[in-house]
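What follows is my_file_17.txt (compact mmCIF, C-alpha atoms).
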```txt
# COMPACT_ATOMS: atom_id res chain seq x y z
CA MET A 557 185.65 95.32 38.49
CA ARG A 558 184.41 92.02 37.09
CA PHE A 559 186.67 89.00 36.73
CA LYS A 560 186.27 85.57 35.29
CA SER A 561 185.66 83.17 38.13
CA VAL A 562 188.93 81.37 37.34
CA GLU A 563 191.84 82.86 35.42
CA ARG A 564 194.77 80.92 33.97
CA PHE A 565 198.32 82.20 33.55
CA THR A 566 201.55 80.72 32.26
CA LEU A 567 204.80 81.49 34.07
CA TYR A 568 208.44 80.44 33.74
CA GLY A 569 208.30 80.35 29.95
CA GLY A 570 205.28 78.05 29.93
CA GLY A 571 206.73 75.62 32.48
CA VAL A 572 204.16 76.62 35.09
CA VAL A 573 200.41 76.95 34.66
CA MET A 574 198.74 78.89 37.46
CA GLU A 575 195.02 79.27 38.06
CA PHE A 576 193.48 81.89 40.32
CA ASP A 577 189.99 81.28 41.64
CA HIS A 578 188.60 84.73 42.39
CA GLY A 579 185.56 83.48 44.27
CA ARG A 580 187.61 81.46 46.75
CA HIS A 581 190.76 83.55 46.40
CA ARG A 582 192.83 80.42 45.87
CA TYR A 583 195.84 79.65 43.71
CA TYR A 584 196.40 76.34 41.90
CA VAL A 585 199.64 75.42 40.17
CA THR A 586 200.73 72.79 37.66
CA ASP A 587 204.52 72.75 37.37
CA LYS A 588 205.37 70.68 34.29
CA ALA A 589 209.13 70.91 34.62
CA ASN A 590 209.12 69.67 38.22
CA GLY A 591 206.45 67.02 37.68
CA LEU A 592 204.05 68.79 40.05
CA LYS A 593 200.44 68.00 39.23
CA ARG A 594 197.69 70.55 39.83
CA VAL A 595 197.85 71.47 43.52
CA GLN A 596 196.64 74.32 45.65
CA VAL A 597 199.42 76.55 46.92
CA PRO A 598 199.07 79.24 49.59
CA GLY A 599 198.88 82.89 48.64
CA VAL A 600 201.26 85.33 50.26
CA THR A 601 198.52 87.05 52.25
CA THR A 602 197.27 83.67 53.48
CA VAL A 603 200.75 82.85 54.78
CA LEU A 604 200.92 86.22 56.52
CA SER A 605 197.60 85.58 58.25
CA VAL A 606 199.38 83.31 60.76
CA LEU A 607 200.76 86.48 62.35
CA ALA A 608 198.88 87.81 65.34
CA ARG A 609 197.73 91.41 64.94
CA PRO A 610 196.93 92.88 68.38
CA ALA A 611 196.18 96.27 66.84
CA LEU A 612 193.27 94.76 64.92
CA ILE A 613 191.84 93.22 68.08
CA ASN A 614 191.85 96.62 69.77
CA TRP A 615 190.32 98.21 66.66
CA ALA A 616 187.53 95.60 66.53
CA ALA A 617 186.77 96.18 70.22
CA GLY A 618 186.59 99.91 69.53
CA GLN A 619 184.13 99.34 66.68
CA ALA A 620 181.89 97.32 69.00
CA ALA A 621 182.03 100.05 71.67
CA GLU A 622 181.11 102.74 69.11
CA TYR A 623 178.17 100.67 67.90
CA ILE A 624 176.82 100.32 71.44
CA GLN A 625 177.25 104.04 72.13
CA ASP A 626 175.40 104.88 68.90
CA ASN A 627 172.51 102.53 69.62
CA LEU A 628 171.89 102.96 73.36
CA ARG A 629 169.98 105.87 74.79
CA PRO A 630 170.12 106.84 78.50
CA GLY A 631 166.92 105.91 80.31
CA VAL A 632 165.48 103.90 77.39
CA PRO A 633 164.84 100.27 78.45
CA LEU A 634 165.48 97.32 76.13
CA ASP A 635 163.56 94.07 76.00
CA GLU A 636 165.17 90.64 75.50
CA VAL A 637 165.03 90.74 71.70
CA GLU A 638 166.46 94.26 71.53
CA ILE A 639 169.34 93.27 73.83
CA GLU A 640 170.10 90.29 71.58
CA GLU A 641 169.99 92.52 68.48
CA LEU A 642 172.30 95.05 70.13
CA ALA A 643 174.79 92.32 71.04
CA LYS A 644 174.68 90.90 67.53
CA GLY A 645 175.18 94.32 65.96
CA ALA A 646 178.15 95.07 68.23
CA ARG A 647 179.69 91.66 67.51
CA TRP A 648 179.77 92.31 63.76
CA ALA A 649 180.32 96.08 63.72
CA HIS A 650 183.98 95.67 62.78
CA ARG A 651 183.06 93.36 59.89
CA ARG A 652 180.75 95.96 58.34
CA THR A 653 183.41 98.65 58.60
CA LYS A 654 186.06 96.30 57.21
CA ASP A 655 183.88 95.19 54.30
CA ARG A 656 183.12 98.76 53.29
CA ALA A 657 186.79 99.71 53.49
CA ALA A 658 187.67 96.66 51.40
CA THR A 659 185.11 97.64 48.77
CA VAL A 660 186.54 101.15 48.52
CA GLY A 661 190.05 99.68 48.35
CA THR A 662 188.99 97.37 45.51
CA VAL A 663 187.66 100.34 43.50
CA VAL A 664 190.91 102.26 44.05
CA HIS A 665 193.09 99.29 43.10
CA SER A 666 190.98 98.58 40.01
CA TRP A 667 191.31 102.18 38.81
CA ILE A 668 195.06 102.21 39.42
CA GLU A 669 195.50 98.86 37.66
CA LYS A 670 193.80 100.19 34.51
CA TYR A 671 195.81 103.41 34.69
CA VAL A 672 199.15 101.57 34.94
CA GLU A 673 198.25 99.09 32.19
CA ARG A 674 197.35 101.93 29.84
CA HIS A 675 200.63 103.67 30.53
CA ILE A 676 202.60 100.47 29.91
CA LEU A 677 200.77 100.08 26.57
CA ARG A 678 201.21 103.82 25.90
CA ARG A 679 197.48 104.40 25.78
CA ARG A 680 197.12 107.74 27.48
CA ARG A 681 193.34 108.13 27.14
CA LEU A 682 192.04 109.74 30.34
CA GLN A 683 190.00 107.60 32.74
CA PRO A 684 187.03 109.09 34.56
CA LEU A 685 187.68 109.36 38.29
CA PRO A 686 185.54 107.25 40.65
CA GLN A 687 182.29 108.84 41.80
CA ASN A 688 182.65 107.57 45.35
CA GLN A 689 184.28 110.29 47.43
CA GLN A 690 186.69 108.04 49.34
CA ALA A 691 187.73 106.11 46.22
CA ARG A 692 188.29 109.37 44.35
CA ALA A 693 190.48 110.66 47.18
CA GLY A 694 192.58 107.49 47.04
CA VAL A 695 193.01 107.78 43.28
CA GLU A 696 193.92 111.47 43.52
CA ALA A 697 196.55 110.60 46.13
CA PHE A 698 198.05 108.05 43.72
CA LEU A 699 198.08 110.59 40.88
CA SER A 700 199.80 113.12 43.14
CA TRP A 701 202.54 110.55 43.80
CA VAL A 702 202.97 109.96 40.06
CA ASP A 703 203.11 113.71 39.38
CA GLU A 704 205.81 114.28 42.00
CA HIS A 705 208.14 111.57 40.69
CA ASP A 706 209.53 110.30 37.42
CA VAL A 707 207.60 107.01 37.31
CA ARG A 708 208.00 104.58 34.41
CA PHE A 709 205.75 101.58 34.83
CA ARG A 710 206.95 98.10 33.88
CA LEU A 711 204.48 95.59 35.36
CA SER A 712 200.96 95.76 36.73
CA GLU A 713 199.11 93.12 38.79
CA GLN A 714 201.77 90.52 37.99
CA ARG A 715 200.86 86.98 39.01
CA LEU A 716 203.82 85.16 40.51
CA TYR A 717 204.86 81.79 41.85
CA SER A 718 207.92 80.64 43.75
CA ARG A 719 209.04 77.25 42.48
CA ARG A 720 211.47 76.90 45.34
CA TYR A 721 209.07 77.71 48.17
CA ARG A 722 205.72 76.92 46.50
CA TYR A 723 203.61 79.98 47.20
CA ALA A 724 201.79 82.36 44.87
CA GLY A 725 200.68 85.97 44.82
CA THR A 726 200.09 89.11 42.81
CA ALA A 727 202.44 92.09 42.82
CA ASP A 728 200.78 95.48 42.35
CA ILE A 729 203.41 97.41 40.42
CA VAL A 730 207.01 97.27 39.25
CA ALA A 731 208.33 100.62 38.03
CA ASP A 732 211.40 102.77 37.67
CA VAL A 733 210.87 105.54 40.21
CA ASP A 734 213.32 108.41 39.75
CA GLY A 735 215.58 105.93 37.96
CA VAL A 736 215.41 103.24 40.67
CA LEU A 737 213.85 99.83 39.85
CA THR A 738 211.18 99.54 42.51
CA LEU A 739 208.69 96.93 43.68
CA ILE A 740 205.56 98.78 44.81
CA ASP A 741 202.54 97.81 46.85
CA ILE A 742 199.57 100.17 46.92
CA LYS A 743 197.75 100.32 50.26
CA THR A 744 194.51 102.08 51.16
CA SER A 745 194.64 101.07 54.85
CA LYS A 746 194.92 103.72 57.54
CA GLY A 747 198.17 102.28 58.86
CA VAL A 748 201.33 100.71 57.47
CA TYR A 749 201.84 97.37 59.19
CA PRO A 750 205.07 95.36 59.61
CA GLU A 751 203.76 92.42 57.56
CA TYR A 752 203.75 94.60 54.44
CA GLU A 753 207.52 94.30 54.46
CA LEU A 754 207.25 90.50 54.42
CA GLN A 755 204.62 90.60 51.68
CA LEU A 756 206.93 92.56 49.40
CA ALA A 757 209.88 90.30 50.23
CA ALA A 758 207.83 87.28 49.11
CA TYR A 759 206.94 89.01 45.83
CA TRP A 760 210.57 90.04 45.30
CA GLN A 761 211.76 86.44 45.77
CA ALA A 762 209.26 84.94 43.32
CA LEU A 763 209.86 87.56 40.63
CA ALA A 764 213.62 87.14 40.99
CA GLU A 765 213.27 83.34 40.67
CA GLU A 766 211.45 83.75 37.38
CA GLY A 767 214.18 86.07 36.17
CA TRP A 768 212.28 89.33 35.91
CA PHE A 769 214.83 92.10 35.26
CA GLN A 770 217.56 89.61 36.24
CA GLY A 771 216.38 90.02 39.81
CA ALA A 772 217.93 93.48 39.87
CA PHE A 773 215.33 95.18 42.06
CA GLU A 774 216.79 98.03 44.05
CA GLN A 775 214.07 98.82 46.56
CA ALA A 776 210.60 97.87 47.78
CA VAL A 777 208.14 100.49 48.99
CA VAL A 778 204.54 100.85 50.10
CA VAL A 779 202.65 103.76 48.60
CA LYS A 780 199.80 104.48 51.00
CA VAL A 781 196.99 106.48 49.41
CA GLY A 782 194.60 108.29 51.75
CA LYS A 783 190.88 107.66 51.29
CA GLU A 784 190.03 110.51 53.63
CA ASP A 785 192.52 113.27 52.87
CA GLY A 786 193.70 112.42 49.34
CA GLU A 787 197.34 112.47 50.49
CA PHE A 788 199.99 109.87 49.74
CA ASN A 789 202.80 108.54 51.88
CA VAL A 790 205.74 106.52 50.55
CA VAL A 791 207.10 104.10 53.15
CA PRO A 792 210.39 102.30 52.31
CA MET A 793 210.34 98.61 53.25
CA PHE A 794 213.86 97.45 52.32
CA ASP A 795 216.54 97.73 49.65
CA ALA A 796 218.56 95.02 47.90
CA ASP A 797 220.84 94.63 50.92
CA GLY A 798 217.93 94.25 53.34
CA PHE A 799 215.85 91.85 51.25
CA GLU A 800 217.37 88.62 52.57
CA ARG A 801 216.56 89.39 56.21
CA SER A 802 212.95 90.26 55.37
CA PHE A 803 212.48 87.12 53.30
CA LYS A 804 213.87 84.88 56.05
CA VAL A 805 211.03 86.02 58.28
CA PHE A 806 208.49 85.23 55.56
CA GLU A 807 210.14 81.83 55.07
CA ALA A 808 209.65 81.11 58.78
CA LEU A 809 205.95 81.97 58.44
CA LEU A 810 205.71 79.52 55.54
CA VAL A 811 206.88 76.80 57.92
CA VAL A 812 204.27 77.84 60.50
CA HIS A 813 201.54 77.88 57.85
CA GLY A 814 202.52 74.40 56.66
CA TRP A 815 202.56 73.11 60.22
CA ARG A 816 199.03 74.42 60.78
CA GLN A 817 197.78 72.86 57.56
CA GLU A 818 199.17 69.46 58.54
CA ARG A 819 197.23 69.54 61.81
CA ARG A 820 193.84 70.41 60.39
```

Exercise: express the given structure as structure tokens:
Amino acid sequence: MRFKSVERFTLYGGGVVMEFDHGRHRYYVTDKANGLKRVQVPGVTTVLSVLARPALINWAAGQAAEYIQDNLRPGVPLDEVEIEELAKGARWAHRRTKDRAATVGTVVHSWIEKYVERHILRRRRLQPLPQNQQARAGVEAFLSWVDEHDVRFRLSEQRLYSRRYRYAGTADIVADVDGVLTLIDIKTSKGVYPEYELQLAAYWQALAEEGWFQGAFEQAVVVKVGKEDGEFNVVPMFDADGFERSFKVFEALLVVHGWRQERR
């Protein structure tokens, strides 16, 4: 999916102008009502990156081990250059796997975004499925979820900004699911990680501040779509009663992120 290098959006009834730089994945905000000149604000995923993820360290080590096993042969000697090339390949094996997974995820998200937008605009023309096998499986998993529930889409890829806490982000989907107003994040990752809960809490807060649906969200869920098996899994994150606790954790991470920025 191709984007303009920089997109501009107006929020809060025109009181906020937000720019998103796709190349650098950075958000810039001009808040006219609060006298805030154009400044860079952190994205939600950037704030969450201050969290340590031990599982990813173990996964990266496993990718390196697999690369070495695939490229070493018993009894075959290596010279100095070949040893260096083997070490370099092992060092970046996880990056190659991650980049490919991210590319497949981008294709899935792009397809879903167009699908949801067409449904919101009541344009039901069928979209061709992706040709890539993994991307197609992810899309089919999403369609299976839609078929099994009464889903009425309200928002797609909604840019958001918290005036109170000064962070930005993009929410995947807001929809009525079986009659319940739901904030939804689509994930193509193999696992469902704790920080997803905090990500959705940050989106919930910003959307509520702007007054979307009078802040009357009832639940936040992750819909994980399988790139391998074409199956979906809906994982509840929190409901209206549990939102405040989840957001307090995100708020603490905002403080940590700010502290790090000050010391750079």

Nearest candidate to Tyr749 in chain A (options A:Ala762, A:Gln689, A:Val812, A:Met793; using only C-alpha atoms) =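 Of A:Ala762, A:Gln689, A:Val812, A:Met793, the one nearest Tyr749 in chain A, counting only C-alpha atoms, is A:Met793.
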
Do a neighbour search on Arg594 in chain A at 9 Å with all atoms listed in the file, toss out local chain neighbours closer than 4 positions, and write the hits as a PyMOL selection string.
-> chain A and resi 573-574+584-587

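Picture a line from CA of His578 in chain A to CA of Lys670 in chain A; it runs 18.1 Å.
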
Can you pull out every residue within 10 Å of range 698-704 of chain A, counting all atoms listed in the file, but drop anything in the same chain fewer than 2 positions away, and send it as a list of chain:residue names?
->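 Listed by chain and then number, they are A:Val664, A:Ile668, A:Tyr671, A:Arg692, A:Ala693, A:Gly694, A:Val695, A:Glu696, A:Asp706, A:Val707, A:Arg708, A:Val733, A:Asp734, A:Ile742, A:Val779, A:Lys780, A:Val781, A:Gly782, A:Gly786, A:Glu787, A:Phe788, A:Asn789, A:Val790.
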
Where's the centre, and what are the edge lengths in Å to one decimal, of a box along x, y and z enclosing all listed atoms of range 708-715 of chain A padded 6 Å per side, as lines of an AutoDock Vina configuration file?
```
center_x = 203.6
center_y = 95.8
center_z = 36.4
size_x = 20.9
size_y = 29.6
size_z = 17.1
```

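Among the candidates A:Ala658, A:Ala617, A:Ala589, A:Ala764, the one nearest to Gly569 in chain A when counting only C-alpha atoms is A:Ala589.
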
Among listed residues A:Thr602, A:Ser718, A:Thr659, A:Ser712, nearest Val572 in chain A (using only C-alpha atoms) = A:Ser718

Residue list as a PyMOL selection string for point (194.2, 82.5, 32.8), cut-off 10 Å, all atoms listed in the file | chain A and resi 560+562-566+573-577

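Interatomic distance, CA of Val748 in chain A to CA of Phe794 in chain A: 13.9 Å.
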
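As for CA of Asp795 in chain A and CA of Gly661 in chain A, they are spaced 26.6 Å apart.
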
Shortest interatomic distance to Ser745 in chain A - which of A:Val805, A:Val660, A:Leu567, A:Ala772, counting only C-alpha atoms |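 Between A:Val805, A:Val660, A:Leu567, A:Ala772, the residue approaching Ser745 in chain A most closely is A:Val660.
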
Closest to Leu716 in chain A among A:Phe773, A:Tyr568, A:Leu628, A:Gly591, using only C-alpha atoms?
->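 When distances to Leu716 in chain A are compared using only C-alpha atoms, the smallest one comes from A:Tyr568.
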
Nearest candidate to Lys783 in chain A (options A:Leu634, A:Leu604, A:Val672, A:Ala697; using only C-alpha atoms) |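 Checking each candidate against Lys783 in chain A, we get A:Ala697 as the closest.
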
Selection near Ala776 in chain A, 12 Å with all atoms listed in the file, sequence-local residues under 4 positions removed, as a ChimeraX atom specification | /A:727-733,736-742,752-761,772,790-799,802

Residue subset to file, keeping C-alpha atoms, as a JSON list (two decimals), in the frame of the given file:
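Result file part.json:
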```json
[["chain", "number", "residue", "atom", "x", "y", "z"],
["A", 727, "ALA", "CA", 202.44, 92.09, 42.82],
["A", 728, "ASP", "CA", 200.78, 95.48, 42.35],
["A", 729, "ILE", "CA", 203.41, 97.41, 40.42],
["A", 730, "VAL", "CA", 207.01, 97.27, 39.25],
["A", 731, "ALA", "CA", 208.33, 100.62, 38.03],
["A", 732, "ASP", "CA", 211.40, 102.77, 37.67],
["A", 733, "VAL", "CA", 210.87, 105.54, 40.21],
["A", 736, "VAL", "CA", 215.41, 103.24, 40.67],
["A", 737, "LEU", "CA", 213.85, 99.83, 39.85],
["A", 738, "THR", "CA", 211.18, 99.54, 42.51],
["A", 739, "LEU", "CA", 208.69, 96.93, 43.68],
["A", 740, "ILE", "CA", 205.56, 98.78, 44.81],
["A", 741, "ASP", "CA", 202.54, 97.81, 46.85],
["A", 742, "ILE", "CA", 199.57, 100.17, 46.92],
["A", 752, "TYR", "CA", 203.75, 94.60, 54.44],
["A", 753, "GLU", "CA", 207.52, 94.30, 54.46],
["A", 754, "LEU", "CA", 207.25, 90.50, 54.42],
["A", 755, "GLN", "CA", 204.62, 90.60, 51.68],
["A", 756, "LEU", "CA", 206.93, 92.56, 49.40],
["A", 757, "ALA", "CA", 209.88, 90.30, 50.23],
["A", 758, "ALA", "CA", 207.83, 87.28, 49.11],
["A", 759, "TYR", "CA", 206.94, 89.01, 45.83],
["A", 760, "TRP", "CA", 210.57, 90.04, 45.30],
["A", 761, "GLN", "CA", 211.76, 86.44, 45.77],
["A", 772, "ALA", "CA", 217.93, 93.48, 39.87],
["A", 790, "VAL", "CA", 205.74, 106.52, 50.55],
["A", 791, "VAL", "CA", 207.10, 104.10, 53.15],
["A", 792, "PRO", "CA", 210.39, 102.30, 52.31],
["A", 793, "MET", "CA", 210.34, 98.61, 53.25],
["A", 794, "PHE", "CA", 213.86, 97.45, 52.32],
["A", 795, "ASP", "CA", 216.54, 97.73, 49.65],
["A", 796, "ALA", "CA", 218.56, 95.02, 47.90],
["A", 797, "ASP", "CA", 220.84, 94.63, 50.92],
["A", 798, "GLY", "CA", 217.93, 94.25, 53.34],
["A", 799, "PHE", "CA", 215.85, 91.85, 51.25],
["A", 802, "SER", "CA", 212.95, 90.26, 55.37]]
```

Got a sec: who's within 8 Å of Tyr717 in chain A, counting all atoms listed in the file, leaving out chain neighbours fewer than 5 positions off, as a list in words?
->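 The neighbour list is Leu567, Arg722, Tyr723, Ala724, Gly725, Ala762 and Leu763 of chain A.
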
Go ahead and save the picked residues with C-alpha atoms, as a compact mmCIF listing (two decimals), in the coordinates of the input.
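Output below, filename result-v1.txt:
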```txt
# COMPACT_ATOMS: atom_id res chain seq x y z
CA LEU A 567 204.80 81.49 34.07
CA ARG A 722 205.72 76.92 46.50
CA TYR A 723 203.61 79.98 47.20
CA ALA A 724 201.79 82.36 44.87
CA GLY A 725 200.68 85.97 44.82
CA ALA A 762 209.26 84.94 43.32
CA LEU A 763 209.86 87.56 40.63
```

Please output range 665-698 of chain A, rebuilt to include N, CA and C atoms, as a PDB file, keeping the file's coordinate frame.
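Here's the written file part_12.pdb:
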```pdb
ATOM      1  N   HIS A 665     192.120 100.166  43.743  1.00  0.00           N
ATOM      2  CA  HIS A 665     193.090  99.290  43.100  1.00  0.00           C
ATOM      3  C   HIS A 665     192.727  99.020  41.636  1.00  0.00           C
ATOM      4  N   SER A 666     191.429  98.828  41.375  1.00  0.00           N
ATOM      5  CA  SER A 666     190.980  98.580  40.010  1.00  0.00           C
ATOM      6  C   SER A 666     191.293  99.761  39.099  1.00  0.00           C
ATOM      7  N   TRP A 667     191.033 100.975  39.600  1.00  0.00           N
ATOM      8  CA  TRP A 667     191.310 102.180  38.810  1.00  0.00           C
ATOM      9  C   TRP A 667     192.800 102.305  38.532  1.00  0.00           C
ATOM     10  N   ILE A 668     193.607 102.095  39.570  1.00  0.00           N
ATOM     11  CA  ILE A 668     195.060 102.210  39.420  1.00  0.00           C
ATOM     12  C   ILE A 668     195.592 101.152  38.453  1.00  0.00           C
ATOM     13  N   GLU A 669     195.061  99.933  38.562  1.00  0.00           N
ATOM     14  CA  GLU A 669     195.500  98.860  37.660  1.00  0.00           C
ATOM     15  C   GLU A 669     195.276  99.255  36.197  1.00  0.00           C
ATOM     16  N   LYS A 670     194.086  99.777  35.886  1.00  0.00           N
ATOM     17  CA  LYS A 670     193.800 100.190  34.510  1.00  0.00           C
ATOM     18  C   LYS A 670     194.710 101.334  34.082  1.00  0.00           C
ATOM     19  N   TYR A 671     194.942 102.260  34.992  1.00  0.00           N
ATOM     20  CA  TYR A 671     195.810 103.410  34.690  1.00  0.00           C
ATOM     21  C   TYR A 671     197.220 102.932  34.340  1.00  0.00           C
ATOM     22  N   VAL A 672     197.780 102.050  35.166  1.00  0.00           N
ATOM     23  CA  VAL A 672     199.150 101.570  34.940  1.00  0.00           C
ATOM     24  C   VAL A 672     199.230 100.767  33.649  1.00  0.00           C
ATOM     25  N   GLU A 673     198.246  99.888  33.409  1.00  0.00           N
ATOM     26  CA  GLU A 673     198.250  99.090  32.190  1.00  0.00           C
ATOM     27  C   GLU A 673     198.215  99.970  30.955  1.00  0.00           C
ATOM     28  N   ARG A 674     197.417 101.024  30.993  1.00  0.00           N
ATOM     29  CA  ARG A 674     197.350 101.930  29.840  1.00  0.00           C
ATOM     30  C   ARG A 674     198.671 102.647  29.613  1.00  0.00           C
ATOM     31  N   HIS A 675     199.340 103.006  30.689  1.00  0.00           N
ATOM     32  CA  HIS A 675     200.630 103.670  30.530  1.00  0.00           C
ATOM     33  C   HIS A 675     201.683 102.713  29.982  1.00  0.00           C
ATOM     34  N   ILE A 676     201.647 101.463  30.432  1.00  0.00           N
ATOM     35  CA  ILE A 676     202.600 100.470  29.910  1.00  0.00           C
ATOM     36  C   ILE A 676     202.379 100.276  28.405  1.00  0.00           C
ATOM     37  N   LEU A 677     201.112 100.263  27.985  1.00  0.00           N
ATOM     38  CA  LEU A 677     200.770 100.080  26.570  1.00  0.00           C
ATOM     39  C   LEU A 677     200.777 101.395  25.800  1.00  0.00           C
ATOM     40  N   ARG A 678     201.154 102.482  26.500  1.00  0.00           N
ATOM     41  CA  ARG A 678     201.210 103.820  25.900  1.00  0.00           C
ATOM     42  C   ARG A 678     199.853 104.278  25.368  1.00  0.00           C
ATOM     43  N   ARG A 679     198.823 103.911  26.091  1.00  0.00           N
ATOM     44  CA  ARG A 679     197.480 104.400  25.780  1.00  0.00           C
ATOM     45  C   ARG A 679     197.126 105.430  26.831  1.00  0.00           C
ATOM     46  N   ARG A 680     197.233 106.673  26.486  1.00  0.00           N
ATOM     47  CA  ARG A 680     197.120 107.740  27.480  1.00  0.00           C
ATOM     48  C   ARG A 680     195.704 108.329  27.576  1.00  0.00           C
ATOM     49  N   ARG A 681     194.709 107.618  27.048  1.00  0.00           N
ATOM     50  CA  ARG A 681     193.340 108.130  27.140  1.00  0.00           C
ATOM     51  C   ARG A 681     192.973 108.297  28.615  1.00  0.00           C
ATOM     52  N   LEU A 682     192.374 109.441  28.951  1.00  0.00           N
ATOM     53  CA  LEU A 682     192.040 109.740  30.340  1.00  0.00           C
ATOM     54  C   LEU A 682     190.923 108.834  30.849  1.00  0.00           C
ATOM     55  N   GLN A 683     191.049 108.388  32.091  1.00  0.00           N
ATOM     56  CA  GLN A 683     190.000 107.600  32.740  1.00  0.00           C
ATOM     57  C   GLN A 683     189.154 108.521  33.597  1.00  0.00           C
ATOM     58  N   PRO A 684     187.848 108.313  33.615  1.00  0.00           N
ATOM     59  CA  PRO A 684     187.030 109.090  34.560  1.00  0.00           C
ATOM     60  C   PRO A 684     187.367 108.684  35.987  1.00  0.00           C
ATOM     61  N   LEU A 685     187.405 109.653  36.885  1.00  0.00           N
ATOM     62  CA  LEU A 685     187.680 109.360  38.290  1.00  0.00           C
ATOM     63  C   LEU A 685     186.466 108.676  38.918  1.00  0.00           C
ATOM     64  N   PRO A 686     186.677 107.888  39.969  1.00  0.00           N
ATOM     65  CA  PRO A 686     185.540 107.250  40.650  1.00  0.00           C
ATOM     66  C   PRO A 686     184.571 108.296  41.198  1.00  0.00           C
ATOM     67  N   GLN A 687     183.301 107.936  41.247  1.00  0.00           N
ATOM     68  CA  GLN A 687     182.290 108.840  41.800  1.00  0.00           C
ATOM     69  C   GLN A 687     182.302 108.816  43.329  1.00  0.00           C
ATOM     70  N   ASN A 688     182.603 107.668  43.897  1.00  0.00           N
ATOM     71  CA  ASN A 688     182.650 107.570  45.350  1.00  0.00           C
ATOM     72  C   ASN A 688     183.732 108.497  45.897  1.00  0.00           C
ATOM     73  N   GLN A 689     183.380 109.256  46.921  1.00  0.00           N
ATOM     74  CA  GLN A 689     184.280 110.290  47.430  1.00  0.00           C
ATOM     75  C   GLN A 689     185.582 109.710  47.988  1.00  0.00           C
ATOM     76  N   GLN A 690     185.490 108.627  48.754  1.00  0.00           N
ATOM     77  CA  GLN A 690     186.690 108.040  49.340  1.00  0.00           C
ATOM     78  C   GLN A 690     187.569 107.418  48.249  1.00  0.00           C
ATOM     79  N   ALA A 691     186.951 106.714  47.307  1.00  0.00           N
ATOM     80  CA  ALA A 691     187.730 106.110  46.220  1.00  0.00           C
ATOM     81  C   ALA A 691     188.411 107.175  45.378  1.00  0.00           C
ATOM     82  N   ARG A 692     187.694 108.276  45.131  1.00  0.00           N
ATOM     83  CA  ARG A 692     188.290 109.370  44.350  1.00  0.00           C
ATOM     84  C   ARG A 692     189.491 109.970  45.084  1.00  0.00           C
ATOM     85  N   ALA A 693     189.366 110.116  46.406  1.00  0.00           N
ATOM     86  CA  ALA A 693     190.480 110.660  47.180  1.00  0.00           C
ATOM     87  C   ALA A 693     191.703 109.756  47.086  1.00  0.00           C
ATOM     88  N   GLY A 694     191.476 108.434  47.155  1.00  0.00           N
ATOM     89  CA  GLY A 694     192.580 107.490  47.040  1.00  0.00           C
ATOM     90  C   GLY A 694     193.258 107.574  45.687  1.00  0.00           C
ATOM     91  N   VAL A 695     192.463 107.669  44.634  1.00  0.00           N
ATOM     92  CA  VAL A 695     193.010 107.780  43.280  1.00  0.00           C
ATOM     93  C   VAL A 695     193.777 109.090  43.108  1.00  0.00           C
ATOM     94  N   GLU A 696     193.228 110.175  43.628  1.00  0.00           N
ATOM     95  CA  GLU A 696     193.920 111.470  43.520  1.00  0.00           C
ATOM     96  C   GLU A 696     195.242 111.450  44.272  1.00  0.00           C
ATOM     97  N   ALA A 697     195.294 110.729  45.391  1.00  0.00           N
ATOM     98  CA  ALA A 697     196.550 110.600  46.130  1.00  0.00           C
ATOM     99  C   ALA A 697     197.583 109.861  45.275  1.00  0.00           C
ATOM    100  N   PHE A 698     197.146 108.792  44.608  1.00  0.00           N
ATOM    101  CA  PHE A 698     198.050 108.050  43.720  1.00  0.00           C
ATOM    102  C   PHE A 698     198.560 108.938  42.594  1.00  0.00           C
TER     103      PHE A 698
END
```
